[in-house]
file entry.txt (compact mmCIF, C-alpha atoms)
# COMPACT_ATOMS: atom_id res chain seq x y z
CA MET A 1 -45.48 -17.91 -5.00
CA SER A 2 -43.67 -20.49 -2.85
CA GLY A 3 -42.13 -19.66 0.49
CA ALA A 4 -38.67 -19.97 -1.04
CA GLU A 5 -39.64 -17.50 -3.75
CA ARG A 6 -41.01 -15.11 -1.15
CA ILE A 7 -37.74 -15.30 0.77
CA ARG A 8 -35.78 -14.61 -2.40
CA ALA A 9 -38.06 -11.67 -3.14
CA GLY A 10 -37.28 -10.32 0.32
CA LEU A 11 -33.56 -10.63 -0.26
CA GLU A 12 -33.89 -8.85 -3.59
CA ALA A 13 -36.09 -6.12 -2.12
CA ALA A 14 -33.47 -5.53 0.57
CA GLY A 15 -30.75 -5.11 -2.02
CA VAL A 16 -28.83 -8.26 -1.16
CA THR A 17 -26.14 -8.74 -3.77
CA LEU A 18 -24.41 -11.90 -2.56
CA ALA A 19 -25.61 -15.02 -0.77
CA ALA A 20 -22.94 -17.31 0.69
CA SER A 21 -24.10 -20.75 1.65
CA VAL A 22 -23.40 -24.21 2.93
CA PRO A 23 -26.47 -26.30 2.15
CA ASP A 24 -28.55 -28.70 4.13
CA THR A 25 -31.73 -30.20 2.72
CA TRP A 26 -33.77 -27.09 3.43
CA ILE A 27 -31.13 -24.45 2.65
CA GLY A 28 -30.27 -26.34 -0.51
CA ARG A 29 -33.88 -26.01 -1.66
CA LEU A 30 -33.82 -22.32 -0.83
CA MET A 31 -30.54 -21.78 -2.67
CA THR A 32 -31.99 -23.42 -5.78
CA THR A 33 -34.44 -20.55 -5.83
CA VAL A 34 -31.88 -17.90 -4.88
CA ARG A 35 -29.68 -18.98 -7.78
CA GLN A 36 -32.46 -17.94 -10.15
CA SER A 37 -32.12 -14.33 -9.02
CA ALA A 38 -30.74 -11.88 -11.54
CA THR A 39 -29.32 -9.65 -8.82
CA ILE A 40 -27.94 -12.02 -6.17
CA ARG A 41 -24.60 -13.75 -6.65
CA ALA A 42 -24.70 -17.22 -5.06
CA VAL A 43 -21.38 -18.29 -3.54
CA ASP A 44 -20.89 -21.89 -2.49
CA VAL A 45 -18.47 -22.25 0.41
CA ALA A 46 -17.14 -25.26 2.29
CA ARG A 47 -17.58 -24.09 5.88
CA GLU A 48 -20.02 -21.72 7.50
CA GLU A 49 -17.33 -19.42 8.92
CA GLU A 50 -16.28 -18.78 5.34
CA ALA A 51 -19.83 -17.80 4.45
CA VAL A 52 -19.77 -15.18 7.19
CA ALA A 53 -16.47 -13.73 5.98
CA VAL A 54 -17.55 -13.73 2.32
CA ALA A 55 -20.78 -11.94 3.20
CA CYS A 56 -18.87 -9.44 5.32
CA GLY A 57 -16.53 -8.83 2.39
CA ALA A 58 -19.51 -8.02 0.20
CA ASN A 59 -20.73 -5.57 2.80
CA LEU A 60 -17.32 -3.92 3.11
CA ALA A 61 -17.25 -3.57 -0.67
CA GLY A 62 -20.50 -1.62 -0.74
CA GLY A 63 -22.86 -4.51 -1.48
CA ARG A 64 -25.06 -6.50 0.82
CA GLY A 65 -24.14 -10.03 1.79
CA ALA A 66 -26.28 -12.73 3.34
CA VAL A 67 -25.42 -16.07 4.93
CA LEU A 68 -27.63 -19.11 4.33
CA ILE A 69 -26.72 -22.07 6.55
CA GLN A 70 -28.06 -24.74 8.88
CA ASN A 71 -28.12 -24.27 12.66
CA ALA A 72 -25.24 -26.73 12.95
CA GLY A 73 -23.24 -24.26 10.91
CA LEU A 74 -24.32 -21.35 13.03
CA LEU A 75 -22.99 -23.24 16.04
CA ASN A 76 -19.62 -23.30 14.23
CA CYS A 77 -19.60 -19.54 13.86
CA GLY A 78 -19.06 -18.26 17.40
CA GLY A 79 -15.47 -17.26 16.79
CA ILE A 80 -16.00 -15.33 13.62
CA LEU A 81 -19.12 -13.64 14.93
CA ALA A 82 -17.09 -12.35 17.86
CA GLY A 83 -13.82 -11.67 16.04
CA LEU A 84 -15.13 -10.21 12.78
CA VAL A 85 -18.82 -9.30 12.75
CA GLU A 86 -19.06 -7.90 16.27
CA LEU A 87 -15.50 -6.63 16.62
CA TYR A 88 -15.56 -4.65 13.37
CA ARG A 89 -19.31 -3.96 13.45
CA ILE A 90 -20.11 -5.33 10.01
CA PRO A 91 -23.72 -6.01 8.99
CA CYS A 92 -24.36 -9.73 8.55
CA PHE A 93 -27.79 -11.16 7.83
CA PHE A 94 -28.35 -14.89 8.34
CA ILE A 95 -31.06 -17.24 7.19
CA VAL A 96 -30.64 -20.36 9.32
CA SER A 97 -32.57 -23.59 8.99
CA LEU A 98 -33.76 -24.56 12.44
CA ARG A 99 -33.24 -28.29 12.47
CA GLY A 100 -34.34 -30.40 15.37
CA ASP A 101 -37.41 -28.58 16.59
CA VAL A 102 -40.84 -30.21 16.78
CA ARG A 103 -41.47 -29.61 13.09
CA ASP A 104 -38.37 -31.47 11.97
CA PRO A 105 -39.05 -35.10 11.09
CA VAL A 106 -35.38 -36.13 11.20
CA TYR A 107 -34.47 -37.50 14.64
CA TYR A 108 -30.74 -36.88 14.54
CA HIS A 109 -31.14 -33.12 14.33
CA ALA A 110 -32.75 -32.99 17.77
CA PRO A 111 -29.59 -32.16 19.78
CA LYS A 112 -29.00 -29.08 17.61
CA GLY A 113 -32.59 -28.04 18.03
CA ARG A 114 -32.27 -28.20 21.79
CA VAL A 115 -29.32 -25.78 21.95
CA THR A 116 -30.03 -23.33 19.14
CA SER A 117 -32.28 -20.93 21.02
CA ALA A 118 -30.04 -20.93 24.09
CA THR A 119 -27.00 -20.30 21.90
CA LEU A 120 -28.65 -17.38 20.13
CA GLU A 121 -29.42 -15.88 23.51
CA ALA A 122 -25.97 -16.59 24.94
CA TRP A 123 -24.28 -15.03 21.94
CA ARG A 124 -26.74 -12.13 22.08
CA LEU A 125 -27.68 -12.55 18.44
CA PRO A 126 -30.76 -10.61 17.39
CA HIS A 127 -33.11 -13.13 15.82
CA ALA A 128 -36.65 -13.97 14.80
CA MET A 129 -38.58 -17.01 13.69
CA ALA A 130 -40.01 -16.80 10.18
CA ASP A 131 -43.79 -16.79 10.11
CA ARG A 132 -45.02 -18.31 6.87
CA ALA A 133 -48.55 -17.16 7.61
CA GLY A 134 -47.31 -13.58 7.42
CA ASP A 135 -45.36 -11.61 4.82
CA LEU A 136 -42.17 -13.67 4.50
CA ALA A 137 -40.52 -11.29 2.05
CA GLU A 138 -41.05 -8.39 4.41
CA GLN A 139 -39.64 -10.39 7.34
CA VAL A 140 -36.50 -11.01 5.30
CA ARG A 141 -36.24 -7.40 4.21
CA ARG A 142 -36.63 -6.16 7.77
CA GLY A 143 -33.92 -8.56 8.95
CA VAL A 144 -31.46 -7.32 6.34
CA GLU A 145 -32.24 -3.73 7.25
CA PHE A 146 -31.84 -4.46 10.95
CA ALA A 147 -28.38 -5.87 10.33
CA ALA A 148 -27.45 -2.87 8.18
CA GLU A 149 -28.70 -0.29 10.62
CA SER A 150 -27.27 -1.97 13.71
CA ARG A 151 -24.03 -2.82 11.90
CA GLY A 152 -24.16 -6.31 13.29
CA PRO A 153 -25.79 -9.72 12.92
CA PHE A 154 -29.41 -10.68 12.52
CA VAL A 155 -30.62 -14.27 12.29
CA LEU A 156 -33.91 -15.31 10.68
CA LEU A 157 -34.73 -18.90 11.55
CA ILE A 158 -36.70 -20.91 9.02
CA SER A 159 -38.27 -24.34 8.88
CA GLY A 160 -38.66 -26.58 5.89
CA GLU A 161 -42.36 -25.79 5.96
CA ASP A 162 -41.55 -22.14 5.26
CA LEU A 163 -40.17 -23.02 1.83
CA ALA A 164 -43.33 -24.64 0.47
CA MET B 1 15.96 -17.43 3.50
CA THR B 2 14.85 -13.81 3.88
CA GLY B 3 12.86 -12.42 6.78
CA ARG B 4 9.40 -10.93 6.61
CA LYS B 5 10.03 -7.22 6.42
CA PRO B 6 11.91 -7.15 3.12
CA PHE B 7 9.06 -9.14 1.55
CA LEU B 8 6.49 -6.79 3.04
CA ASP B 9 8.46 -3.79 1.81
CA ALA B 10 8.51 -5.33 -1.67
CA LEU B 11 4.80 -6.01 -1.57
CA VAL B 12 3.91 -2.47 -0.51
CA ALA B 13 6.17 -1.05 -3.22
CA ALA B 14 4.42 -3.23 -5.81
CA LEU B 15 0.86 -2.19 -4.93
CA ALA B 16 -1.14 -0.49 -7.67
CA ALA B 17 -3.92 2.06 -7.43
CA GLN B 18 -6.73 -0.43 -7.95
CA ASP B 19 -5.47 -2.81 -5.27
CA VAL B 20 -7.14 -3.62 -1.99
CA VAL B 21 -5.27 -5.40 0.80
CA VAL B 22 -6.84 -7.73 3.36
CA SER B 23 -4.46 -8.96 6.02
CA CYS B 24 -4.82 -11.83 8.43
CA LEU B 25 -4.02 -11.20 12.05
CA GLY B 26 -0.41 -11.00 13.12
CA ALA B 27 2.79 -9.32 12.09
CA ASN B 28 1.71 -8.03 8.68
CA ALA B 29 -1.44 -6.48 10.12
CA ARG B 30 0.70 -4.84 12.78
CA TRP B 31 3.34 -3.56 10.37
CA LEU B 32 1.05 -2.14 7.67
CA PRO B 33 -0.18 0.96 9.57
CA HIS B 34 3.47 1.97 9.97
CA MET B 35 4.18 1.77 6.25
CA ASN B 36 3.34 4.07 3.38
CA VAL B 37 0.39 2.13 2.01
CA THR B 38 -1.82 4.20 -0.25
CA VAL B 39 -4.50 1.60 -1.06
CA PRO B 40 -7.37 0.50 1.20
CA VAL B 41 -6.31 -1.98 3.88
CA PHE B 42 -8.56 -4.13 6.03
CA ALA B 43 -6.43 -5.67 8.76
CA LEU B 44 -7.71 -8.38 11.05
CA CYS B 45 -6.59 -8.68 14.63
CA ASP B 46 -8.55 -11.87 15.32
CA SER B 47 -10.45 -14.47 13.31
CA MET B 48 -7.81 -16.79 11.94
CA SER B 49 -8.67 -18.01 8.43
CA ALA B 50 -10.99 -15.10 7.67
CA ALA B 51 -8.67 -13.10 5.39
CA VAL B 52 -9.15 -15.17 2.24
CA PRO B 53 -12.96 -15.44 2.34
CA LEU B 54 -13.22 -11.79 3.35
CA ALA B 55 -11.09 -10.87 0.36
CA LEU B 56 -13.18 -13.18 -1.81
CA GLY B 57 -16.36 -11.35 -0.88
CA ILE B 58 -14.74 -8.04 -1.75
CA ALA B 59 -13.31 -9.37 -5.01
CA LEU B 60 -16.64 -10.78 -6.19
CA SER B 61 -18.37 -7.52 -5.34
CA ARG B 62 -15.80 -5.19 -6.91
CA PRO B 63 -14.41 -6.75 -10.10
CA GLU B 64 -12.65 -3.51 -11.04
CA ARG B 65 -10.39 -3.88 -8.00
CA HIS B 66 -7.59 -6.38 -7.42
CA VAL B 67 -7.84 -7.82 -3.95
CA ILE B 68 -4.72 -9.14 -2.27
CA ALA B 69 -5.23 -11.38 0.75
CA LEU B 70 -2.24 -11.76 3.07
CA GLU B 71 -2.52 -15.08 4.84
CA GLY B 72 -0.23 -16.97 7.18
CA ASP B 73 0.57 -20.65 7.01
CA GLY B 74 -0.86 -21.36 10.46
CA SER B 75 -4.01 -19.49 9.63
CA LEU B 76 -4.46 -21.28 6.33
CA LEU B 77 -3.77 -24.64 7.93
CA MET B 78 -6.75 -24.04 10.20
CA SER B 79 -9.12 -23.81 7.21
CA PRO B 80 -7.44 -24.86 3.97
CA ASN B 81 -10.91 -25.24 2.48
CA VAL B 82 -10.82 -21.52 1.68
CA LEU B 83 -8.59 -22.34 -1.28
CA ALA B 84 -11.19 -24.62 -2.82
CA THR B 85 -13.90 -22.05 -2.24
CA ALA B 86 -11.85 -19.37 -3.99
CA ALA B 87 -11.04 -21.73 -6.84
CA ALA B 88 -14.71 -22.55 -7.30
CA ALA B 89 -15.78 -18.91 -7.31
CA ARG B 90 -13.02 -18.12 -9.87
CA PRO B 91 -12.52 -14.41 -9.25
CA ALA B 92 -9.80 -13.21 -11.62
CA ASN B 93 -9.10 -10.30 -9.29
CA LEU B 94 -8.03 -12.22 -6.17
CA THR B 95 -4.44 -12.96 -5.22
CA ILE B 96 -3.66 -14.89 -2.05
CA VAL B 97 -0.18 -14.19 -0.71
CA LEU B 98 0.80 -16.95 1.69
CA TRP B 99 3.52 -16.20 4.23
CA VAL B 100 5.19 -19.43 5.27
CA ASN B 101 7.40 -19.41 8.33
CA GLY B 102 6.19 -22.49 10.18
CA HIS B 103 5.19 -20.59 13.31
CA TYR B 104 2.20 -19.06 15.01
CA GLU B 105 3.96 -15.75 15.27
CA SER B 106 1.03 -13.83 16.66
CA SER B 107 0.67 -16.02 19.72
CA GLY B 108 4.29 -16.19 20.74
CA GLY B 109 6.10 -18.09 18.04
CA GLN B 110 4.88 -21.60 18.69
CA ALA B 111 5.69 -24.05 15.92
CA LEU B 112 3.01 -25.32 13.58
CA PRO B 113 2.26 -29.06 13.75
CA ALA B 114 5.48 -30.87 13.00
CA VAL B 115 4.92 -31.75 9.39
CA THR B 116 6.17 -30.28 6.14
CA VAL B 117 3.17 -29.09 4.18
CA ASP B 118 3.61 -28.89 0.42
CA TRP B 119 1.85 -25.56 0.02
CA PRO B 120 1.99 -25.32 -3.79
CA ALA B 121 0.62 -28.85 -4.02
CA LEU B 122 -2.10 -28.04 -1.52
CA ALA B 123 -3.13 -24.99 -3.53
CA ARG B 124 -3.15 -26.91 -6.80
CA ALA B 125 -5.01 -29.84 -5.27
CA SER B 126 -7.63 -27.33 -4.13
CA GLY B 127 -8.21 -26.16 -7.68
CA ILE B 128 -5.96 -23.10 -7.76
CA THR B 129 -4.27 -23.24 -11.16
CA HIS B 130 -2.04 -20.18 -10.89
CA VAL B 131 0.50 -20.90 -8.15
CA GLU B 132 3.93 -19.35 -7.81
CA THR B 133 6.62 -19.30 -5.16
CA ALA B 134 8.71 -16.16 -4.65
CA ASP B 135 11.89 -17.10 -2.84
CA GLU B 136 13.29 -13.58 -2.75
CA PRO B 137 11.66 -10.18 -2.29
CA ALA B 138 12.73 -9.11 -5.77
CA ALA B 139 10.64 -11.93 -7.22
CA LEU B 140 7.45 -10.73 -5.61
CA ALA B 141 6.58 -7.77 -7.86
CA PRO B 142 6.85 -9.68 -11.15
CA ALA B 143 4.93 -12.57 -9.63
CA LEU B 144 2.21 -10.15 -8.55
CA ASP B 145 2.11 -8.70 -12.04
CA ARG B 146 1.59 -12.17 -13.49
CA ALA B 147 -1.14 -12.85 -10.94
CA ARG B 148 -2.93 -9.68 -12.02
CA LEU B 149 -2.93 -10.87 -15.63
CA THR B 150 -4.45 -14.28 -15.04
CA ASP B 151 -8.16 -14.90 -15.36
CA VAL B 152 -8.24 -17.11 -12.28
CA PRO B 153 -7.47 -16.61 -8.59
CA ALA B 154 -3.77 -16.83 -7.83
CA VAL B 155 -1.68 -18.03 -4.92
CA LEU B 156 1.79 -16.61 -4.31
CA ILE B 157 3.83 -18.44 -1.71
CA LEU B 158 6.52 -16.62 0.23
CA PRO B 159 8.89 -18.81 2.26
CA ILE B 160 10.20 -16.47 4.94
CA ALA B 161 12.61 -16.90 7.80
CA PHE B 162 11.09 -16.94 11.26
CA ASP B 163 12.83 -14.40 13.44
CA PRO B 164 11.76 -14.59 17.09
CA ALA B 165 13.66 -11.35 17.72
CA GLU B 166 11.79 -9.35 15.06
CA GLN B 167 10.58 -6.10 16.61
CA ILE B 168 6.99 -6.14 15.44
CA PRO B 169 4.97 -3.06 16.37
CA PRO B 170 1.88 -3.61 18.48
CA TYR B 171 -1.58 -3.23 16.98
CA SER B 172 -1.87 0.51 16.59
CA GLU B 173 -5.38 0.80 15.17
CA ARG B 174 -8.64 -0.22 16.77
CA PRO B 175 -11.03 -2.38 14.71
CA GLU B 176 -13.60 0.41 14.55
CA GLU B 177 -10.93 2.72 13.15
CA ILE B 178 -9.97 0.17 10.51
CA ARG B 179 -13.61 -0.36 9.61
CA ALA B 180 -14.36 3.36 9.44
CA ARG B 181 -11.37 4.13 7.24
CA PHE B 182 -11.89 1.24 4.84
CA SER B 183 -13.59 2.63 1.75
CA LEU B 184 -13.66 1.55 -1.89
CA LYS B 185 -15.52 4.57 -3.19
CA THR B 186 -12.61 5.85 -5.25
call {"tool": "encode", "arguments": {"input": "entry.txt", "output": "structure tokens"}}
result
Amino acid sequence: MSGAERIRAGLEAAGVTLAASVPDTWIGRLMTTVRQSATIRAVDVAREEEAVAVACGANLAGGRGAVLIQNAGLLNCGGILAGLVELYRIPCFFIVSLRGDVRDPVYYHAPKGRVTSATLEAWRLPHAMADRAGDLAEQVRRGVEFAAESRGPFVLLISGEDLA
Amino acid sequence: MTGRKPFLDALVAALAAQDVVVSCLGANARWLPHMNVTVPVFALCDSMSAAVPLALGIALSRPERHVIALEGDGSLLMSPNVLATAAAARPANLTIVLWVNGHYESSGGQALPAVTVDWPALARASGITHVETADEPAALAPALDRARLTDVPAVLILPIAFDPAEQIPPYSERPEEIRARFSLKT
């Protein structure tokens, strides 16, 4: 089973019903796998803030929403995290491609890589780095459950290597 | 041109049992708790542009409900992409009611950027095929009925008069109260 399939299995095991996404190269590959799910509705949006609101809507409606975006998109989401997710205490699970760290071969992502960790800390977003050597599906499931139980955000950072 | 409250009164009177209302921040969100609304309401007090995608997530998750998103022109102008997203997702149970008064009412009545936006054209150009304009409150209920019967998301545009003297109640519910009360179980 590929890493992408293990991540999808984790989303399914956690009862995720809707995945809202803006793709990058890595998230696009992941979404190709997510779209094959019989239980997860894939929703393509134009901006990452929309993905957050769509996923929150799914949660308010009794389902479980997830947001799949790049770290550039997460950097766009400060306002809606504060004004919707945190203010109304709505569970919101993120899978975020961590572009620009040492594993990323594309040079122009580097500035985003330099600020992602500091931004997660500054925004006080609970987060973890996916560990492909471990049980990826379980890491996803735990992240979804953390968001549900804390009624707030949780961010799981992934690398392109995690999808192989 | 008619002011907001008669349109809001008409909307509330036209709500049906299966409806769900999501309101953007501002006057409508502040008025609704003071009105006799019997359907679930999720009112935002922040997060401009979130009402439509929030409503979209609810609509896709609960096809037996009809979700009505109340959006302002300033809020939509911030992220008009939400129209294309809704059009692409094609929920038949989503109606976007756009309140057009040319002002950021929530922040003190500042004017929107000085340009005349063709809202019906914007909606259609974004892929919304069911677009109507209700110029008077009496036109709202039949337009909402038609929106319910379509198999695509709908946009209803309400041109309303901006009244800087309108006595809008303050926010009377805390976000945690709104969140706790919002339930679609029935």
call {"tool": "interface_residues", "arguments": {"input": "entry.txt", "of": "chain B", "to": "chain A", "cutoff": "6 Å", "atoms": "all atoms listed in the file", "output": "list of chain:residue names"}}
result
B:Asp46, B:Ser47, B:Ala50, B:Pro53, B:Leu54, B:Gly57, B:Ile58, B:Ser61, B:Thr85, B:Pro175, B:Glu176
call {"tool": "atom_distance", "arguments": {"input": "entry.txt", "atom1": "CA of Ser183 (chain B)", "atom2": "CA of Val67 (chain B)"}}
result
13.2 Å
call {"tool": "residues_near_point", "arguments": {"input": "entry.txt", "point": "(-28.9, -16.3, 8.9)", "cutoff": "9 Å", "atoms": "all atoms listed in the file", "output": "PyMOL selection string"}}
result
chain A and resi 66-71+74+92-97+127+153-157
call {"tool": "atom_distance", "arguments": {"input": "entry.txt", "atom1": "CA of Cys45 (chain B)", "atom2": "CA of Ala16 (chain B)"}}
result
24.4 Å
call {"tool": "closest_residue", "arguments": {"input": "entry.txt", "among": "B:Gln18, B:Thr116, B:Thr2, B:Asn28", "to": "Leu77 (chain B)", "atoms": "all atoms listed in the file"}}
result
B:Thr116
call {"tool": "closest_residue", "arguments": {"input": "entry.txt", "among": "A:Arg6, A:Ser159, A:Glu138, A:Leu125", "to": "Gly113 (chain A)", "atoms": "only C-alpha atoms"}}
result
A:Ser159
call {"tool": "build_atoms", "arguments": {"input": "entry.txt", "residues": "region 5-15 of chain B", "atoms": "all heavy atoms", "output": "short mmCIF file (atom, residue, chain, number, x, y, z; two decimals), keeping the file's coordinate frame"}}
result
data_model
loop_
_atom_site.label_atom_id
_atom_site.label_comp_id
_atom_site.auth_asym_id
_atom_site.auth_seq_id
_atom_site.Cartn_x
_atom_site.Cartn_y
_atom_site.Cartn_z
N LYS B 5 10.17 -8.63 6.75
CA LYS B 5 10.03 -7.22 6.42
C LYS B 5 10.48 -6.90 5.00
O LYS B 5 9.81 -6.12 4.31
CB LYS B 5 10.78 -6.37 7.45
CG LYS B 5 10.48 -4.89 7.39
CD LYS B 5 9.00 -4.58 7.57
CE LYS B 5 8.69 -3.11 7.78
NZ LYS B 5 9.45 -2.19 7.00
N PRO B 6 11.56 -7.45 4.52
CA PRO B 6 11.91 -7.15 3.12
C PRO B 6 10.83 -7.60 2.13
O PRO B 6 10.58 -6.92 1.13
CB PRO B 6 13.22 -7.94 2.91
CG PRO B 6 13.82 -8.04 4.28
CD PRO B 6 12.65 -8.20 5.20
N PHE B 7 10.17 -8.71 2.42
CA PHE B 7 9.06 -9.14 1.55
C PHE B 7 7.89 -8.15 1.66
O PHE B 7 7.27 -7.80 0.65
CB PHE B 7 8.59 -10.55 1.94
CG PHE B 7 9.37 -11.65 1.31
CD1 PHE B 7 10.29 -12.39 2.04
CD2 PHE B 7 9.18 -11.98 -0.03
CE1 PHE B 7 11.00 -13.42 1.47
CE2 PHE B 7 9.90 -13.02 -0.62
CZ PHE B 7 10.82 -13.73 0.12
N LEU B 8 7.61 -7.72 2.88
CA LEU B 8 6.49 -6.79 3.04
C LEU B 8 6.81 -5.45 2.38
O LEU B 8 5.94 -4.82 1.77
CB LEU B 8 6.18 -6.61 4.53
CG LEU B 8 4.85 -5.92 4.88
CD1 LEU B 8 3.66 -6.64 4.25
CD2 LEU B 8 4.68 -5.82 6.39
N ASP B 9 8.05 -5.02 2.51
CA ASP B 9 8.46 -3.79 1.81
C ASP B 9 8.26 -3.94 0.30
O ASP B 9 7.77 -3.02 -0.38
CB ASP B 9 9.94 -3.47 2.09
CG ASP B 9 10.17 -3.00 3.52
OD1 ASP B 9 9.22 -2.48 4.14
OD2 ASP B 9 11.31 -3.16 4.02
N ALA B 10 8.65 -5.08 -0.22
CA ALA B 10 8.51 -5.33 -1.67
C ALA B 10 7.05 -5.36 -2.08
O ALA B 10 6.67 -4.84 -3.14
CB ALA B 10 9.20 -6.64 -2.04
N LEU B 11 6.22 -5.94 -1.25
CA LEU B 11 4.80 -6.01 -1.57
C LEU B 11 4.19 -4.61 -1.60
O LEU B 11 3.47 -4.24 -2.54
CB LEU B 11 4.06 -6.87 -0.54
CG LEU B 11 2.55 -6.94 -0.77
CD1 LEU B 11 2.21 -7.93 -1.86
CD2 LEU B 11 1.81 -7.29 0.50
N VAL B 12 4.47 -3.82 -0.58
CA VAL B 12 3.91 -2.47 -0.51
C VAL B 12 4.39 -1.64 -1.70
O VAL B 12 3.61 -0.89 -2.31
CB VAL B 12 4.29 -1.81 0.83
CG1 VAL B 12 3.96 -0.31 0.81
CG2 VAL B 12 3.57 -2.50 1.99
N ALA B 13 5.64 -1.80 -2.07
CA ALA B 13 6.17 -1.05 -3.22
C ALA B 13 5.51 -1.48 -4.53
O ALA B 13 5.45 -0.69 -5.48
CB ALA B 13 7.69 -1.24 -3.31
N ALA B 14 5.01 -2.70 -4.57
CA ALA B 14 4.42 -3.23 -5.81
C ALA B 14 2.92 -2.98 -5.92
O ALA B 14 2.31 -3.31 -6.93
CB ALA B 14 4.69 -4.74 -5.90
N LEU B 15 2.31 -2.40 -4.89
CA LEU B 15 0.86 -2.19 -4.93
C LEU B 15 0.49 -1.16 -5.99
O LEU B 15 1.21 -0.18 -6.20
CB LEU B 15 0.37 -1.72 -3.55
CG LEU B 15 0.45 -2.77 -2.43
CD1 LEU B 15 0.08 -2.16 -1.09
CD2 LEU B 15 -0.44 -3.97 -2.74
#
